[in-house]
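Colleague: I have a structure I would like to understand better, so I am pasting it below and will then ask my questions one at a time.
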Amino acid sequence: MSSHSVRDPAGRGQIVRMRTTMLLAFCALVAAGSASADPAGATSPVIGKPAPDFTLTDLTGKPVQLAAFKGKPVVLEWFNPGCPFVKRSHTVGSLVGTAQRRMKDGVVWLGINSGAPGKQGADVKMNADAARTWSIPNPILRDETGKVGKAYGATNTPNMFVIDKTGTVVYAGAIDNSPDGEGQSPQGGKLVNYVDAALDDVAAGRPVQTAVTRPYGCTVKYGS
Amino acid sequence: MARDRIAIALAVACAAGCRSSDGTPAPAGPPLAGKSFYRIDAGPPAACAPGATCEARLVLTALGGYHVNRDYPFKFLGEPAPAVAVDGQGAFAIDDARHLTMTVKFRPAAAGPARLVGTFKLSVCSDDTCEIETPRIELAVPVG
């Protein structure tokens, strides 16, 4: 094929056409994928898609299935009590009081710890102690295999996902735009709680304005 | 006696170039602050005249298996008088995976050593964990 096209100008023209077609196809793919990427280049494999269902157990061993909450907005918060960014977010930053406030409005809030056994913050007692100390009102679910975390593409703690009433993931990313976890260093000057903003958009029945951001914090301590 | 000999031997060895466990050269001399996974040293002094805007540099070195957390908003929060007043919260530049330089601007009123005091908010990470640290830094900067 290639040797033929080198000898034949018409063949070269065919290659040019093929390259143009491939370029156009690539551009179309990029355009199609733009719904899952924000201008800063943050991406999520689940944004705009049905939320992957799961059944995990909470710290007391009680099973919790995501599908049971269909019809309600759900927030998933990837959690690791040993991560200093999680600690700061829950003690001085944007996670202080947010779950309490939103759960009163009918939002379901689930913490998920995808740390493998023996990894930082995976210990059940440590999670229970943190929940009590930081007044966390929501269940913390154990995802020791990391299967759920990987299904959502969770990379950091904290890493937030908002699921609307139809079961579609409408936000994926950071809790806010202050990567110190304290709300003291907002990028762009004004602190934005992205989860609050997404839930407001969901409640108002409008598209989520900022659907994807790049999460900051510690890496999720997957086993492999 | 034996302990002194060991200390002298270590000092001589470090003068020849201490290295952390991963081979990163550690700056000679005691740090301004630090732990097993990071240290902060004063950068090279710059000329500074009374009444002028001067700059002091702080160099963060991540040690062991740690690296500078590229996502973190590093800051230097200056303390009020009697420390010299600091302009802003410092400006940082990541030199490489293990080094970051924080430049702090200040305007000393008089000649003599200016006492620069503040909190360096920093973060370093390893493959297993991230750490946020807020060491208090005290540095005498020659003026005049």
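Residue names in the structure tokens use chain letters A, B, ... in the order shown, residue numbers from 1 in each chain, and ligand numbers from 1 in the order shown.
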Kindly determine which residues of chain A lie within 8 Å of chain B, considering only C-alpha atoms, and give the answer as a ChimeraX atom specification.
Modeller: /A:83-85,120,179-180,185,216-219,221
Colleague: The selected residues should be written to file as a PDB file, in the first residue's frame (atoms: N, CA and C atoms).
Modeller:
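part-v4.pdb, freshly written:
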ATOM      1  N   CYS A  83      -5.617  11.222  55.667  1.00  0.00           N
ATOM      2  CA  CYS A  83      -5.142  12.214  54.691  1.00  0.00           C
ATOM      3  C   CYS A  83      -5.298  13.621  55.279  1.00  0.00           C
ATOM      4  N   PRO A  84      -4.225  14.401  55.345  1.00  0.00           N
ATOM      5  CA  PRO A  84      -4.346  15.740  55.953  1.00  0.00           C
ATOM      6  C   PRO A  84      -5.288  16.672  55.197  1.00  0.00           C
ATOM      7  N   PHE A  85      -5.460  16.456  53.903  1.00  0.00           N
ATOM      8  CA  PHE A  85      -6.391  17.305  53.144  1.00  0.00           C
ATOM      9  C   PHE A  85      -7.845  16.995  53.534  1.00  0.00           C
ATOM     10  N   GLN A 120      -2.937   3.541  54.538  1.00  0.00           N
ATOM     11  CA  GLN A 120      -3.251   4.711  55.351  1.00  0.00           C
ATOM     12  C   GLN A 120      -4.759   4.972  55.395  1.00  0.00           C
ATOM     13  N   PRO A 179      -6.984  24.488  46.911  1.00  0.00           N
ATOM     14  CA  PRO A 179      -6.258  23.224  47.041  1.00  0.00           C
ATOM     15  C   PRO A 179      -5.435  23.050  48.313  1.00  0.00           C
ATOM     16  N   ASP A 180      -5.628  23.966  49.286  1.00  0.00           N
ATOM     17  CA  ASP A 180      -5.015  23.719  50.593  1.00  0.00           C
ATOM     18  C   ASP A 180      -5.960  22.942  51.505  1.00  0.00           C
ATOM     19  N   SER A 185      -7.140  29.443  50.125  1.00  0.00           N
ATOM     20  CA  SER A 185      -6.360  29.781  48.921  1.00  0.00           C
ATOM     21  C   SER A 185      -7.189  29.572  47.656  1.00  0.00           C
ATOM     22  N   TYR A 216      -8.035  17.597  44.205  1.00  0.00           N
ATOM     23  CA  TYR A 216      -6.725  17.733  44.860  1.00  0.00           C
ATOM     24  C   TYR A 216      -6.738  16.885  46.126  1.00  0.00           C
ATOM     25  N   GLY A 217      -5.621  16.772  46.771  1.00  0.00           N
ATOM     26  CA  GLY A 217      -5.537  16.023  48.017  1.00  0.00           C
ATOM     27  C   GLY A 217      -4.619  14.817  47.881  1.00  0.00           C
ATOM     28  N   CYS A 218      -4.846  13.816  48.719  1.00  0.00           N
ATOM     29  CA  CYS A 218      -4.012  12.613  48.693  1.00  0.00           C
ATOM     30  C   CYS A 218      -4.507  11.673  47.587  1.00  0.00           C
ATOM     31  N   THR A 219      -3.660  10.773  47.190  1.00  0.00           N
ATOM     32  CA  THR A 219      -4.115   9.745  46.253  1.00  0.00           C
ATOM     33  C   THR A 219      -4.946   8.715  47.015  1.00  0.00           C
ATOM     34  N   LYS A 221      -5.761   5.242  48.303  1.00  0.00           N
ATOM     35  CA  LYS A 221      -4.793   4.180  48.647  1.00  0.00           C
ATOM     36  C   LYS A 221      -5.297   2.811  48.206  1.00  0.00           C
TER      37      LYS A 221
END
Colleague: Assign secondary structure with DSSP using the backbone only, and return the residues of chain B in strand (DSSP E or B) as number ranges by chain.
Modeller: B: 19, 25, 33-35, 38-42, 54-62, 67-68, 75-78, 86-96, 99-106, 112-125, 130-133, 136-143
Colleague: Give me the residues within 7 Å of segment 138-149 of chain A as an mmCIF file with N, CA and C atoms, in the first residue's frame, counting only C-alpha atoms and dropping any in the same chain fewer than 4 places off.
Modeller:
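The new file result_18.cif reads:
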data_model
loop_
_atom_site.group_PDB
_atom_site.id
_atom_site.type_symbol
_atom_site.label_atom_id
_atom_site.label_comp_id
_atom_site.auth_asym_id
_atom_site.auth_seq_id
_atom_site.Cartn_x
_atom_site.Cartn_y
_atom_site.Cartn_z
ATOM 1 N N PHE A 54 -23.549 0.052 43.094
ATOM 2 C CA PHE A 54 -22.689 -0.735 43.987
ATOM 3 C C PHE A 54 -23.459 -1.072 45.253
ATOM 4 N N LEU A 56 -22.064 -1.684 49.132
ATOM 5 C CA LEU A 56 -20.916 -1.725 50.049
ATOM 6 C C LEU A 56 -21.456 -1.756 51.477
ATOM 7 N N THR A 57 -20.611 -2.136 52.394
ATOM 8 C CA THR A 57 -21.041 -2.140 53.797
ATOM 9 C C THR A 57 -20.498 -0.892 54.502
ATOM 10 N N ASP A 58 -21.299 -0.398 55.456
ATOM 11 C CA ASP A 58 -20.820 0.739 56.246
ATOM 12 C C ASP A 58 -19.911 0.245 57.376
ATOM 13 N N LEU A 59 -19.526 1.121 58.258
ATOM 14 C CA LEU A 59 -18.553 0.758 59.306
ATOM 15 C C LEU A 59 -19.115 -0.239 60.317
ATOM 16 N N TRP A 109 -25.906 11.469 51.268
ATOM 17 C CA TRP A 109 -24.458 11.707 51.265
ATOM 18 C C TRP A 109 -23.760 10.441 51.744
ATOM 19 N N LEU A 110 -22.886 9.898 50.923
ATOM 20 C CA LEU A 110 -22.184 8.661 51.266
ATOM 21 C C LEU A 110 -20.675 8.876 51.186
ATOM 22 N N GLY A 111 -19.992 8.596 52.274
ATOM 23 C CA GLY A 111 -18.529 8.578 52.232
ATOM 24 C C GLY A 111 -18.082 7.197 51.768
ATOM 25 N N ILE A 112 -17.015 7.150 51.016
ATOM 26 C CA ILE A 112 -16.484 5.855 50.552
ATOM 27 C C ILE A 112 -14.976 5.840 50.792
ATOM 28 N N ASN A 113 -14.524 4.806 51.462
ATOM 29 C CA ASN A 113 -13.091 4.637 51.690
ATOM 30 C C ASN A 113 -12.617 3.457 50.839
ATOM 31 N N SER A 114 -11.833 3.750 49.824
ATOM 32 C CA SER A 114 -11.332 2.700 48.923
ATOM 33 C C SER A 114 -9.916 2.258 49.295
ATOM 34 N N GLY A 115 -9.495 2.592 50.509
ATOM 35 C CA GLY A 115 -8.167 2.172 50.954
ATOM 36 C C GLY A 115 -8.122 0.666 51.175
ATOM 37 N N ALA A 116 -7.080 0.049 50.688
ATOM 38 C CA ALA A 116 -6.914 -1.396 50.875
ATOM 39 C C ALA A 116 -6.518 -1.670 52.324
ATOM 40 N N PRO A 117 -6.831 -2.838 52.828
ATOM 41 C CA PRO A 117 -6.453 -3.170 54.203
ATOM 42 C C PRO A 117 -4.958 -2.942 54.436
ATOM 43 N N GLY A 153 -13.529 6.249 38.800
ATOM 44 C CA GLY A 153 -12.325 6.997 38.464
ATOM 45 C C GLY A 153 -11.879 7.896 39.599
ATOM 46 N N ALA A 154 -12.185 7.490 40.843
ATOM 47 C CA ALA A 154 -11.777 8.291 42.004
ATOM 48 C C ALA A 154 -10.258 8.206 42.155
ATOM 49 N N TYR A 222 -5.396 2.653 46.884
ATOM 50 C CA TYR A 222 -5.835 1.366 46.347
ATOM 51 C C TYR A 222 -4.798 0.287 46.665
#
Colleague: Neighbours of Ala172 of chain A within 6 Å (only C-alpha atoms; same-chain residues fewer than 5 positions away dropped), as a ChimeraX atom specification?
Modeller: /A:160-161,212
Colleague: Go ahead and write the residues just picked, C-alpha atoms, as a tab-separated table (two decimals), in the first residue's frame.
Modeller:
chain	number	residue	atom	x	y	z
A	160	MET	CA	-16.53	14.31	45.09
A	161	PHE	CA	-19.29	13.03	42.78
A	212	VAL	CA	-15.79	18.48	36.11
Colleague: Report the distance between atom CA of Tyr38 of chain B and atom CA of Ala83 of chain B in Å, rounded to one decimal place.
Modeller: 25.0 Å
Colleague: Hey, what does DSSP flag as alpha helix (DSSP H) within chain B? Can you give it to me as a list in words?
Modeller: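 These are the residues in question: Ala2, Arg3, Asp4, Arg5, Ile6, Ala7, Ile8, Ala9, Leu10, Ala11, Val12, Ala13, Cys14 and Ala15 of chain B.
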Colleague: Provide the atom CA of Arg107 of chain B to atom CA of Arg136 of chain B distance in Å, to one decimal place.
Modeller: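 Atom CA of Arg107 of chain B sits 20.2 Å away from atom CA of Arg136 of chain B.
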